[in-house]
>>> print(open('data20.cif').read())   # mmCIF, C-alpha atoms
data_my_file
#
loop_
_atom_site.label_atom_id
_atom_site.label_comp_id
_atom_site.auth_asym_id
_atom_site.auth_seq_id
_atom_site.Cartn_x
_atom_site.Cartn_y
_atom_site.Cartn_z
CA MET A 1375 115.90 123.13 112.75
CA ILE A 1376 118.45 120.58 111.60
CA ASN A 1377 121.87 120.62 113.21
CA ILE A 1378 123.96 121.59 110.18
CA SER A 1379 127.11 120.03 111.62
CA LYS A 1380 125.46 116.62 111.50
CA ILE A 1381 124.29 116.75 107.89
CA THR A 1382 126.06 114.23 105.68
CA LYS A 1383 127.62 115.22 102.35
CA ARG A 1384 124.78 113.55 100.47
CA GLN A 1385 122.17 115.45 102.48
CA ALA A 1386 124.02 118.76 102.02
CA GLN A 1387 123.94 118.20 98.26
CA PHE A 1388 120.19 117.64 98.55
CA TRP A 1389 119.57 120.98 100.27
CA SER A 1390 121.87 122.74 97.82
CA LYS A 1391 120.02 121.25 94.86
CA LEU A 1392 116.78 122.70 96.21
CA ASN A 1393 118.43 126.11 96.75
CA ILE A 1394 117.60 126.09 100.45
CA MET A 1395 119.95 128.20 102.59
CA ASN A 1396 118.31 127.30 105.92
CA PRO A 1397 117.14 123.69 105.71
CA SER A 1398 113.55 123.21 106.89
CA PHE A 1399 111.34 120.25 106.14
CA SER A 1400 108.07 122.18 106.35
CA SER A 1401 108.17 123.63 102.83
CA LEU A 1402 109.35 120.41 101.15
CA SER A 1403 106.92 117.94 99.65
CA LEU A 1404 106.55 114.53 101.28
CA ALA A 1405 107.88 112.95 98.08
CA GLN A 1406 111.01 115.14 98.09
CA ILE A 1407 111.78 114.15 101.66
CA VAL A 1408 111.35 110.41 101.03
CA ASN A 1409 113.24 110.61 97.73
CA ASN A 1410 116.28 111.90 99.55
CA ASN A 1411 116.13 109.41 102.41
CA HIS A 1412 113.81 106.46 102.10
CA GLN A 1413 114.00 105.77 105.81
CA ALA A 1414 111.84 108.89 106.23
CA ALA A 1415 108.93 106.75 105.02
CA SER A 1416 108.79 105.13 108.45
CA VAL A 1417 108.08 108.54 110.00
CA PHE A 1418 105.24 109.24 107.57
CA GLU A 1419 103.80 105.77 108.20
CA LYS A 1420 103.86 106.48 111.94
CA TYR A 1421 101.72 109.59 111.48
CA HIS A 1422 99.63 108.17 108.60
CA LEU A 1423 100.89 110.80 106.16
CA ASP A 1424 100.36 109.63 102.58
CA PHE A 1425 103.69 110.20 100.82
CA CYS A 1426 102.85 108.13 97.72
CA CYS A 1427 99.51 109.12 96.18
CA LYS A 1428 99.50 112.51 97.93
CA GLY A 1429 103.25 113.03 97.96
CA LYS A 1430 103.14 116.41 96.24
CA ARG A 1431 101.79 118.12 99.37
CA SER A 1432 104.26 120.04 101.52
CA LEU A 1433 104.95 118.64 104.98
CA GLU A 1434 103.33 121.72 106.48
CA GLN A 1435 100.17 121.28 104.41
CA ALA A 1436 99.93 117.56 105.20
CA CYS A 1437 100.35 118.14 108.94
CA THR A 1438 97.80 120.95 108.92
CA GLU A 1439 95.25 118.80 107.10
CA GLN A 1440 95.58 116.03 109.69
CA GLN A 1441 95.96 118.35 112.67
CA LEU A 1442 99.41 117.04 113.50
CA SER A 1443 102.19 118.85 115.32
CA ILE A 1444 104.71 119.68 112.61
CA SER A 1445 107.41 120.07 115.26
CA LYS A 1446 106.97 116.45 116.38
CA VAL A 1447 107.06 115.14 112.81
CA THR A 1448 110.08 117.31 111.99
CA GLU A 1449 111.91 116.09 115.09
CA ASP A 1450 111.44 112.47 113.97
CA LEU A 1451 112.62 113.36 110.47
CA GLU A 1452 115.70 115.09 111.83
CA ASN A 1453 116.59 111.95 113.77
CA ILE A 1454 116.43 110.00 110.50
CA PHE A 1455 118.44 112.54 108.51
CA THR A 1456 121.23 112.86 111.07
CA LYS A 1457 121.95 109.15 110.85
CA ASP A 1458 124.36 107.84 108.23
CA SER A 1459 122.18 106.34 105.49
CA ASN A 1460 124.85 105.30 103.00
CA SER A 1461 123.52 101.73 103.06
CA ALA A 1462 120.12 102.82 101.76
CA VAL A 1463 119.23 102.13 98.15
CA ASP A 1464 119.63 105.30 96.09
CA PHE A 1465 116.74 105.07 93.65
CA GLU A 1466 117.55 108.47 92.16
CA LYS A 1467 120.75 107.01 90.69
CA MET A 1468 118.96 104.12 88.98
CA ASN A 1469 118.08 104.48 85.32
CA LEU A 1470 114.57 103.71 84.06
CA ALA A 1471 115.24 100.07 83.24
CA GLN A 1472 116.85 99.46 86.65
CA LEU A 1473 113.91 101.05 88.43
CA VAL A 1474 111.41 98.96 86.49
CA ASP A 1475 113.32 95.75 87.26
CA TYR A 1476 113.56 96.66 90.94
CA ILE A 1477 109.83 97.36 91.19
CA VAL A 1478 108.88 94.12 89.42
CA GLN A 1479 111.37 91.92 91.27
CA THR A 1480 110.76 93.47 94.68
CA HIS A 1481 107.25 94.87 94.92
CA HIS A 1482 105.34 93.02 92.22
CA ALA A 1483 106.82 89.74 93.40
CA TYR A 1484 105.83 90.55 96.98
CA VAL A 1485 102.25 91.45 96.02
CA LYS A 1486 101.82 88.33 93.89
CA ASN A 1487 103.13 86.14 96.70
CA GLU A 1488 101.22 87.75 99.57
CA MET A 1489 97.78 88.45 98.12
CA PRO A 1490 96.57 84.83 97.77
CA GLN A 1491 97.71 83.99 101.30
CA ILE A 1492 96.12 87.08 102.87
CA HIS A 1493 92.92 86.43 100.93
CA THR A 1494 92.82 82.87 102.30
CA TYR A 1495 93.44 84.08 105.86
CA LEU A 1496 90.64 86.63 105.65
CA GLU A 1497 88.13 84.20 104.19
CA LYS A 1498 88.93 81.78 107.00
CA VAL A 1499 88.67 84.25 109.88
CA SER A 1500 85.58 86.01 108.49
CA SER A 1501 83.74 82.69 108.18
CA LYS A 1502 84.77 81.68 111.72
CA HIS A 1503 84.60 85.00 113.57
CA GLY A 1504 82.41 87.16 111.31
CA GLU A 1505 79.31 86.75 113.45
CA ARG A 1506 81.03 88.22 116.54
CA HIS A 1507 83.14 90.66 114.49
CA PRO A 1508 81.05 91.67 111.44
CA GLU A 1509 83.73 94.11 110.27
CA LEU A 1510 85.73 91.05 109.17
CA ASN A 1511 83.24 90.38 106.38
CA LYS A 1512 83.71 93.89 105.01
CA ILE A 1513 87.48 93.63 105.38
CA SER A 1514 87.50 90.34 103.47
CA GLN A 1515 85.30 91.76 100.69
CA THR A 1516 87.40 94.91 100.41
CA PHE A 1517 90.66 92.99 100.20
CA ALA A 1518 89.14 90.76 97.50
CA ALA A 1519 88.57 93.97 95.53
CA VAL A 1520 92.18 95.02 96.16
CA LYS A 1521 93.40 91.64 94.96
CA GLU A 1522 91.36 91.78 91.75
CA GLU A 1523 92.46 95.33 91.00
CA MET A 1524 96.16 94.74 91.74
CA GLU A 1525 96.28 91.62 89.56
CA GLY A 1526 94.98 93.55 86.57
CA HIS A 1527 97.04 96.61 87.44
CA MET A 1528 100.38 94.79 87.56
CA LYS A 1529 99.60 92.92 84.38
CA LYS A 1530 99.00 96.21 82.54
CA GLU A 1531 102.22 97.64 83.92
CA GLU A 1532 104.31 94.62 83.01
CA MET A 1533 102.82 94.16 79.53
CA ILE A 1534 102.23 97.76 78.43
CA LEU A 1535 103.73 100.60 80.46
CA PHE A 1536 106.96 99.09 81.73
CA PRO A 1537 108.09 97.80 78.31
CA ARG A 1538 107.51 101.30 76.92
CA ILE A 1539 109.59 102.82 79.72
CA LYS A 1540 112.42 100.32 79.19
CA GLU A 1541 112.37 101.02 75.46
CA LEU A 1542 112.66 104.70 76.34
CA GLN A 1543 115.83 103.93 78.30
CA LYS A 1544 117.29 102.13 75.28
CA LEU A 1545 116.62 105.19 73.16
CA ALA A 1546 118.15 107.47 75.79
CA ASP A 1547 121.30 105.32 75.79
CA ASN A 1548 121.63 105.77 72.03
CA GLU A 1549 122.86 109.28 71.20
CA TYR A 1550 121.53 108.91 67.64
CA ALA A 1551 118.07 107.79 68.73
CA GLN A 1552 115.03 109.46 67.22
CA LEU A 1553 111.74 109.77 69.06
CA GLN A 1554 108.73 110.55 66.93
CA LEU A 1555 105.97 109.53 69.34
CA ASN A 1556 103.35 111.70 70.99
CA ILE A 1557 103.67 112.16 74.75
CA SER A 1558 100.29 110.42 75.20
CA TYR A 1559 102.10 107.16 74.33
CA LEU A 1560 103.60 107.41 77.81
CA GLN A 1561 101.32 109.82 79.66
CA SER A 1562 98.04 108.00 78.99
CA PRO A 1563 98.99 104.69 80.66
CA ILE A 1564 100.75 106.58 83.47
CA THR A 1565 97.56 108.53 84.19
CA VAL A 1566 95.56 105.29 84.36
CA MET A 1567 98.14 103.68 86.67
CA GLU A 1568 98.11 106.69 89.00
CA GLN A 1569 94.31 106.58 89.20
CA GLU A 1570 94.44 102.89 90.06
CA HIS A 1571 97.10 103.58 92.69
CA ASP A 1572 94.72 106.06 94.31
CA HIS A 1573 91.86 103.57 94.29
CA ALA A 1574 93.90 100.71 95.76
CA GLY A 1575 95.28 103.04 98.41
CA ASN A 1576 91.78 104.17 99.35
CA LEU A 1577 90.61 100.56 99.66
CA LEU A 1578 93.49 99.69 101.97
CA ASN A 1579 92.83 102.81 104.00
CA ASP A 1580 89.25 101.58 104.44
CA ILE A 1581 90.63 98.26 105.68
CA ARG A 1582 92.93 100.02 108.14
CA ILE A 1583 89.97 101.95 109.56
CA LEU A 1584 87.73 98.86 109.72
CA SER A 1585 90.48 96.91 111.50
CA ASN A 1586 91.15 99.69 114.04
CA ASP A 1587 94.61 100.26 112.60
CA TYR A 1588 95.19 96.50 112.28
CA THR A 1589 94.56 95.90 115.98
CA PRO A 1590 93.09 92.43 116.60
CA PRO A 1591 90.56 92.01 119.44
CA GLN A 1592 91.46 90.12 122.59
CA ASP A 1593 89.61 86.99 121.49
CA ALA A 1594 91.44 86.84 118.13
CA CYS A 1595 92.91 83.48 117.17
CA THR A 1596 96.38 83.05 115.68
CA THR A 1597 95.16 83.26 112.07
CA TYR A 1598 93.14 86.36 112.93
CA ARG A 1599 96.24 88.08 114.32
CA LEU A 1600 98.39 86.84 111.45
CA SER A 1601 95.96 88.20 108.86
CA PHE A 1602 96.01 91.66 110.44
CA ALA A 1603 99.82 91.67 110.66
CA ALA A 1604 99.99 90.61 107.00
CA LEU A 1605 97.56 93.36 106.00
CA LYS A 1606 99.63 95.99 107.78
CA ALA A 1607 102.83 94.81 106.08
CA PHE A 1608 101.00 94.74 102.74
CA GLU A 1609 99.88 98.35 103.08
CA LEU A 1610 103.38 99.48 104.08
CA ASP A 1611 104.86 97.76 101.04
CA LEU A 1612 102.22 99.28 98.75
CA HIS A 1613 103.10 102.76 100.00
CA GLN A 1614 106.75 102.22 99.06
CA HIS A 1615 105.69 100.59 95.79
CA VAL A 1616 103.42 103.45 94.73
CA HIS A 1617 105.94 106.07 95.86
CA LEU A 1618 108.64 104.59 93.61
CA GLU A 1619 106.30 104.69 90.63
CA ASN A 1620 104.39 107.95 91.17
CA ASN A 1621 107.24 110.08 92.50
CA ILE A 1622 110.39 108.63 90.91
CA LEU A 1623 109.81 106.30 87.93
CA PHE A 1624 106.96 108.14 86.19
CA PRO A 1625 108.43 111.68 86.47
CA LYS A 1626 111.84 110.40 85.35
CA ALA A 1627 110.23 108.65 82.35
CA ILE A 1628 108.32 111.81 81.36
CA GLU A 1629 111.48 113.89 81.70
CA THR A 1630 113.46 111.43 79.56
CA PHE A 1631 110.71 111.40 76.94
CA ARG A 1632 110.70 115.20 76.71
CA ASP A 1633 114.51 115.31 76.55
CA LEU A 1634 114.45 112.91 73.60
CA GLN A 1635 111.77 114.97 71.89
CA THR A 1636 113.88 118.10 72.35
CA THR A 1637 116.88 116.32 70.83
CA VAL A 1638 114.85 115.37 67.77
CA PHE A 1639 113.34 118.82 67.32
CA ASN A 1640 116.71 120.52 67.69
#
>>> encode(input="data20.cif", output="structure tokens")
Amino acid sequence: MINISKITKRQAQFWSKLNIMNPSFSSLSLAQIVNNNHQAASVFEKYHLDFCCKGKRSLEQACTEQQLSISKVTEDLENIFTKDSNSAVDFEKMNLAQLVDYIVQTHHAYVKNEMPQIHTYLEKVSSKHGERHPELNKISQTFAAVKEEMEGHMKKEEMILFPRIKELQKLADNEYAQLQLNISYLQSPITVMEQEHDHAGNLLNDIRILSNDYTPPQDACTTYRLSFAALKAFELDLHQHVHLENNILFPKAIETFRDLQTTVFN
């Protein structure tokens, strides 16, 4: 259990909001835990617990599915939560427009910058070392599929979904705003984006397995090692990226949409 005396004011408010008298991580969803303290993501990455696409699972369920010791995971989480995390970005306090801008400027920019370089690395090492390490050919092909999917995915977000979400924020800021749109205007593109998140995540998981958890062989050259390190960093960033969208931005947008509908109907 968490040492109550060490819980910060912000964390105490979190437990109170969830109506939990005796704080325990086991019954909370992975998304809830990361939403409250984003440094908890490092713990889930350590144990390969998917907190983005499968963030609605409780910690207990996720540990059971992967045959992990929940006590070990909880101990690591407690170490994170007992540290002062005031310097962490509080995404829950951002409005929809701020969240969209953060995602585009931070994660979309990262993906657009890294994908061409990683793709080049993988083509180079697979052509040079693919005969001795045939898994490199599959890794290169799989990442090419990730690259193609992410390019189209981000374009759809930036041209269709994100403008709709930012327009929603403008309406929410206007107390006289009227919303006469069907929820499918927002829900349909969100559903597509979530499905694409799942697919990209599965492809990167395949790469992680093929690369032995991004572990280069002893005979790996510098570019070989660099490509694996870049792939690992790319997957970590995608987890944060998808978490912000699936578990914070999209639910907040749906909630805002329904609030505006209620205002109109009342």
>>> atom_distance(input="data20.cif", atom1="CA of Leu1623 in chain A", atom2="CA of Ala1483 in chain A")
17.7 Å
>>> closest_residue(input="data20.cif", among="A:Asp1593, A:Ser1585, A:Phe1536, A:Phe1608", to="Lys1521 in chain A", atoms="only C-alpha atoms")
A:Phe1608
>>> closest_residue(input="data20.cif", among="A:Gln1406, A:Leu1612, A:His1503, A:Val1566", to="Lys1486 in chain A", atoms="all atoms listed in the file")
A:Leu1612
>>> resolve_selection(input="data20.cif", expression="the PyMOL selection byres ((chain A and resi 1444) around 12)", output="PyMOL selection string")
chain A and resi 1375+1398-1401+1417-1418+1421+1423+1432-1443+1445-1452
>>> closest_residue(input="data20.cif", among="A:Ile1539, A:Ser1601, A:Gln1413, A:Gln1515", to="Gln1472 in chain A", atoms="only C-alpha atoms")
A:Ile1539
>>> closest_residue(input="data20.cif", among="A:Val1520, A:Val1474, A:Leu1578, A:Ile1407", to="Leu1542 in chain A", atoms="all atoms listed in the file")
A:Val1474
>>> closest_residue(input="data20.cif", among="A:Asn1579, A:Gln1491, A:Thr1630, A:Gln1561", to="Thr1597 in chain A", atoms="only C-alpha atoms")
A:Gln1491
>>> closest_residue(input="data20.cif", among="A:Tyr1484, A:Phe1624, A:Glu1466, A:Asp1547", to="Leu1610 in chain A", atoms="only C-alpha atoms")
A:Tyr1484
>>> resolve_selection(input="data20.cif", expression="the PyMOL selection byres ((chain A and resi 1611) around 12)", output="list in words")
Ala1415, Ser1416, Glu1419, Cys1426, Ile1477, Thr1480, His1481, His1482, Ala1483, Tyr1484, Val1485, Glu1488, Gly1575, Leu1578, Ala1604, Leu1605, Lys1606, Ala1607, Phe1608, Glu1609, Leu1610, Leu1612, His1613, Gln1614, His1615, Val1616, His1617 and Leu1618 of chain A
>>> resolve_selection(input="data20.cif", expression="the PyMOL selection byres ((chain A and resi 1594) around 12)", output="NGL selection string")
:A and (1499-1500 or 1502-1504 or 1506-1507 or 1510 or 1588-1593 or 1595-1602)
